[in-house]
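> My structure is below; once you've seen it, I'll send some questions.
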Amino acid sequence: MTQRLFAAVLAMGLGACASTQNLESGTVPDPYEGFNRQMFAFNSGVDKYALGPAADVYETVTPEYGRDRLSDFLHNLKSPVIFVNDVLQGESDRASETFARFFLNSTLGIAGLWDVAEYTGIEKHNEDFGQTLAVWGVDSGPFLILPLMGPTTPRDLFGSGVDRALDPLVWTEFDNNPDLDDHIEMGRGILGGLNARVALDDALEQLNAQPEPYIALRRLYSSQRQAEIRNGRIDEEDAYEDLPDFDEFEE
Amino acid sequence: MKRYYRYFALAGAAVLMLAPTSQADAKTESYVQENASDVLASLNDPSLDSEERTEKFNTYMDEFTDMTAVSNFAIGKYARRFSEDELARYRKVFREYALAVYENELDAYRGEAVIVKDSVDRSATDSIVNTVIKRQDGKDMDVRWRVLTRDGKYQVVDVALNLDGNLIWLAIEQRAQFLALLDRSNGSAEALIDKIESMKRKLETEKRS
C-alpha cells in the first residue's frame, strides 16, 4: 500500500513536471499551507471531474502494451535532459548509462519504443535541474502546490523551466510545417499526462483514502525528492539520527 | 555525537567506544529473525483460510509489536488529552487498523524468508535491525525494524520500507497524519476514531480471500 501511496505523489502532479532521508513531522517548510490546501482541493476536483474520467476513456481504448511503449518512448525523449543533469552533477557513471541507454533504445529499441537497455542491465533513472540545484547546495524553499502542476518547490519549479529550455524538442523547427513542433509538444504533454494518470490510478485512490491526504502528499513528495537527490543512496550513518522518541507519551 | 567519537578515537579508545553502538546484540537480531519469519509463515500457510490466517497473524503481531506504545505515539500529545473511554476506543480501533495494514502490506510482498543483514544500536534499549525479505519474484524488499527493549523484553515499535532510497517509517507517517487531523478537528477523538474505522473497513475489503 505504501508503495502505491508513494507513487501517488507523482500522480498528484497531474502528469506535469512531477518527478523528488526521512523527514520528521514539521520539518517540511510549508508557510503557505492555506493556499496549498486550496490548490490541492482544486487539483483533486480537476482530477475527479476531468483528468480521471479522461484517463478512464484513454485506458479503455488503449491496450496496456501500447501504453508501455509510449511510456518507454517518452522516457527516451527525456534522455538528453537527464544526460545534461547527470553531467552537471558530476555523475559520470550515470551520464554514461544515460548515453548508452539513449543510443541502444533509439536504435535497437526503434526510436525508444522498447527499453532494450533494461534487458542489458542498464536501468533507467531520472535527473532534473531541480536535483542539480540541490546537489549544488541550493535550498528547496517552501512547499508549494500549484494549480494543475501539483506539488513542487521554488527550486524544483525553476529547475523544470531550465529542463524545458534544455529539451531539444523545444528548439526543433520543421521547415515545411512550422506548427509541427508545437503539435508534437502538445501531444507529448497530453498523452504523457494520460499515460501517467492511468498508471497511478490505484496510487491516487490510496492517497485519497489517507486520514490527511494533503499531509501524506507533502511528506512523501519531500522525502521522495530527498531520495532522488541522493540518487537513491541512504546515508546509513545518519539514517536514524532524527527518529523520534517512542516513550515520550507513554503513561 | 560524531565529535565525541573523534575525541575518543584520538584518545585511542575508538574501538571500545564504537563497537557497542555499531551493532545491536545478537539477541535483538535473532528476535526479529524468528518473529518476522513466523509472521511471514502465517501469511504463507496454504492450509489456513482467510479468517484463520488473520487470527494467526494477529496473534504473532500482538507478541511481536508493542501496539500500546505505537498507538500512543501515533497521537502524540493527544494521548494525554483523550478521556479514558476515548483512549480505550481509539486503541482498540487503532490496533485493528494497524494489524490490517501490516497484514495487507506484508502479504502484498509475498515474502518467503527474512534475512537479517545487520543492526544499529541507537541506545542501550533502542535498536534498528536491517533485514531483507526474500520474494519469489526476485524483487527483494529492504525492511528495517525498530526494536525497543523494556524490562528485558523486545518489541517492535516501527517498521521502515526502503523505497528507492526513501525510508518510509509507517508509524511516523501515520502520526503526522493523525496529528494533522486532530489539530484540524480541535482534538476530536470521535473524528479520528471514525476515520480509522472507515480506513479499517476499506482495508478489510482489500484483504486476500
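A note on labels: chains of the C-alpha cells are A, B, ... as shown, every chain counts residues from 1, and ligands are counted from 1 in their shown order.
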Listing only residues of chain B within 7 Å of chain A, what is the closest atom pair and its distance in Å (to one decimal) for each, using only C-alpha atoms, sorted by chain and residue number ascending, as a Markdown table?


| residue | atom | partner | partner_atom | distance |
| --- | --- | --- | --- | --- |
| B:Ala69 | CA | A:Glu250 | CA | 6.7 |
| B:Asn72 | CA | A:Phe249 | CA | 6.3 |
| B:Phe73 | CA | A:Phe246 | CA | 6.0 |
| B:Gly76 | CA | A:Phe249 | CA | 6.1 |
| B:Lys77 | CA | A:Phe249 | CA | 6.7 |
| B:Ala79 | CA | A:Phe249 | CA | 6.7 |
| B:Glu105 | CA | A:Met1 | CA | 6.0 |
| B:Asp164 | CA | A:Gly232 | CA | 5.2 |
| B:Gly165 | CA | A:Gly232 | CA | 3.9 |
| B:Asn166 | CA | A:Ala227 | CA | 5.2 |
| B:Leu167 | CA | A:Asn22 | CA | 5.7 |
| B:Ile168 | CA | A:Asn22 | CA | 6.6 |
| B:Ala176 | CA | A:Ser25 | CA | 5.6 |
| B:Gln177 | CA | A:Glu212 | CA | 5.2 |
| B:Phe178 | CA | A:Pro211 | CA | 6.7 |
| B:Ala180 | CA | A:Glu212 | CA | 7.0 |
| B:Leu181 | CA | A:Glu212 | CA | 6.3 |
| B:Lys195 | CA | A:Pro211 | CA | 6.5 |
| B:Met199 | CA | A:Ala209 | CA | 7.0 |

> Can you pull out every residue from range 121-163 of chain B that DSSP, working from the backbone, puts in strand (DSSP E or B), and format the result as a PyMOL selection string?

chain B and resi 121-123+126-135+141-150+153-163

> Once you have the residues from the selection above, write them out as a tab-separated table (two decimals), in the first residue's frame, restricted to N, CA and C atoms.


chain	number	residue	atom	x	y	z
B	121	ASP	N	22.57	0.05	17.08
B	121	ASP	CA	22.00	0.45	18.37
B	121	ASP	C	21.92	1.97	18.45
B	122	ARG	N	20.73	2.51	18.63
B	122	ARG	CA	20.60	3.95	18.85
B	122	ARG	C	20.90	4.27	20.32
B	123	SER	N	20.56	3.32	21.17
B	123	SER	CA	20.87	3.41	22.60
B	123	SER	C	20.86	1.98	23.14
B	126	ASP	N	17.27	0.76	22.33
B	126	ASP	CA	16.63	1.19	21.08
B	126	ASP	C	17.53	0.79	19.90
B	127	SER	N	17.08	-0.21	19.14
B	127	SER	CA	17.91	-0.73	18.04
B	127	SER	C	17.13	-0.76	16.73
B	128	ILE	N	17.88	-0.70	15.63
B	128	ILE	CA	17.30	-0.88	14.30
B	128	ILE	C	17.92	-2.14	13.72
B	129	VAL	N	17.06	-3.07	13.29
B	129	VAL	CA	17.55	-4.30	12.66
B	129	VAL	C	17.21	-4.23	11.18
B	130	ASN	N	18.25	-4.31	10.35
B	130	ASN	CA	18.07	-4.24	8.90
B	130	ASN	C	17.89	-5.64	8.33
B	131	THR	N	16.83	-5.82	7.58
B	131	THR	CA	16.56	-7.14	7.01
B	131	THR	C	16.24	-7.04	5.52
B	132	VAL	N	16.29	-8.18	4.89
B	132	VAL	CA	15.82	-8.28	3.51
B	132	VAL	C	14.75	-9.35	3.50
B	133	ILE	N	13.61	-9.02	2.94
B	133	ILE	CA	12.56	-10.02	2.77
B	133	ILE	C	12.69	-10.59	1.36
B	134	LYS	N	13.05	-11.87	1.30
B	134	LYS	CA	13.23	-12.51	0.01
B	134	LYS	C	11.87	-12.84	-0.60
B	135	ARG	N	11.75	-12.55	-1.89
B	135	ARG	CA	10.48	-12.79	-2.57
B	135	ARG	C	10.65	-13.73	-3.74
B	141	MET	N	12.80	-7.06	-0.72
B	141	MET	CA	12.45	-5.80	-0.05
B	141	MET	C	13.41	-5.52	1.11
B	142	ASP	N	13.88	-4.29	1.18
B	142	ASP	CA	14.71	-3.83	2.29
B	142	ASP	C	13.76	-3.32	3.38
B	143	VAL	N	13.67	-4.05	4.49
B	143	VAL	CA	12.75	-3.68	5.57
B	143	VAL	C	13.54	-3.52	6.87
B	144	ARG	N	13.31	-2.43	7.58
B	144	ARG	CA	14.04	-2.14	8.83
B	144	ARG	C	13.08	-2.10	10.01
B	145	TRP	N	13.48	-2.75	11.10
B	145	TRP	CA	12.60	-2.92	12.26
B	145	TRP	C	13.18	-2.14	13.42
B	146	ARG	N	12.38	-1.27	14.03
B	146	ARG	CA	12.85	-0.56	15.23
B	146	ARG	C	12.39	-1.35	16.45
B	147	VAL	N	13.36	-1.79	17.25
B	147	VAL	CA	13.07	-2.67	18.39
B	147	VAL	C	13.45	-1.95	19.69
B	148	LEU	N	12.50	-1.85	20.60
B	148	LEU	CA	12.78	-1.30	21.93
B	148	LEU	C	12.86	-2.44	22.94
B	149	THR	N	13.75	-2.28	23.92
B	149	THR	CA	13.87	-3.28	24.98
B	149	THR	C	13.35	-2.69	26.27
B	150	ARG	N	12.36	-3.34	26.86
B	150	ARG	CA	11.82	-2.86	28.14
B	150	ARG	C	11.75	-4.04	29.09
B	153	LYS	N	12.44	-7.28	27.73
B	153	LYS	CA	11.57	-7.82	26.68
B	153	LYS	C	11.71	-6.97	25.40
B	154	TYR	N	11.87	-7.64	24.28
B	154	TYR	CA	11.99	-6.93	22.99
B	154	TYR	C	10.61	-6.77	22.36
B	155	GLN	N	10.38	-5.57	21.78
B	155	GLN	CA	9.16	-5.40	20.98
B	155	GLN	C	9.39	-4.39	19.87
B	156	VAL	N	8.81	-4.69	18.71
B	156	VAL	CA	8.94	-3.81	17.56
B	156	VAL	C	7.95	-2.65	17.70
B	157	VAL	N	8.43	-1.42	17.44
B	157	VAL	CA	7.52	-0.28	17.53
B	157	VAL	C	7.33	0.43	16.19
B	158	ASP	N	8.20	0.15	15.22
B	158	ASP	CA	8.01	0.77	13.91
B	158	ASP	C	8.74	-0.05	12.85
B	159	VAL	N	8.25	0.07	11.63
B	159	VAL	CA	8.85	-0.65	10.50
B	159	VAL	C	9.07	0.34	9.37
B	160	ALA	N	10.27	0.28	8.77
B	160	ALA	CA	10.57	1.17	7.64
B	160	ALA	C	10.73	0.37	6.37
B	161	LEU	N	10.16	0.90	5.30
B	161	LEU	CA	10.34	0.29	3.99
B	161	LEU	C	11.28	1.19	3.20
B	162	ASN	N	12.26	0.59	2.59
B	162	ASN	CA	13.18	1.36	1.76
B	162	ASN	C	12.66	1.35	0.33
B	163	LEU	N	12.09	2.48	-0.08
B	163	LEU	CA	11.54	2.58	-1.42
B	163	LEU	C	12.45	3.48	-2.25

> In Å, rounded to a single decimal, give me how far CA of Asn58 in chain B is from CA of Val39 in chain B.

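If I compute the distance from CA of Val39 in chain B to CA of Asn58 in chain B, I get 8.7 Å.
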
> Residues at most 12 Å from Pro29 in chain A, counting only C-alpha atoms, excluding those fewer than 6 positions away in the same chain, as a PDB file with C-alpha atoms, in the first residue's frame?


ATOM      1  CA  LEU A  23      11.682  13.873   7.441  1.00  0.00           C
ATOM      2  CA  ASP A 139      17.794  25.273  -0.697  1.00  0.00           C
ATOM      3  CA  SER A 140      14.396  23.978  -1.811  1.00  0.00           C
ATOM      4  CA  GLY A 141      12.378  26.862  -0.420  1.00  0.00           C
ATOM      5  CA  PRO A 142       8.819  26.317   0.776  1.00  0.00           C
ATOM      6  CA  PHE A 143       6.497  23.533  -0.289  1.00  0.00           C
ATOM      7  CA  LEU A 144       4.008  24.633  -2.938  1.00  0.00           C
ATOM      8  CA  THR A 152       6.719  21.497  -6.128  1.00  0.00           C
ATOM      9  CA  THR A 153       9.107  23.986  -4.542  1.00  0.00           C
ATOM     10  CA  PRO A 154      10.589  27.206  -5.966  1.00  0.00           C
ATOM     11  CA  ARG A 218       3.587  16.845   1.332  1.00  0.00           C
ATOM     12  CA  ARG A 219       5.677  14.397   3.337  1.00  0.00           C
ATOM     13  CA  SER A 222       9.571  15.942   0.214  1.00  0.00           C
TER      14      SER A 222
END
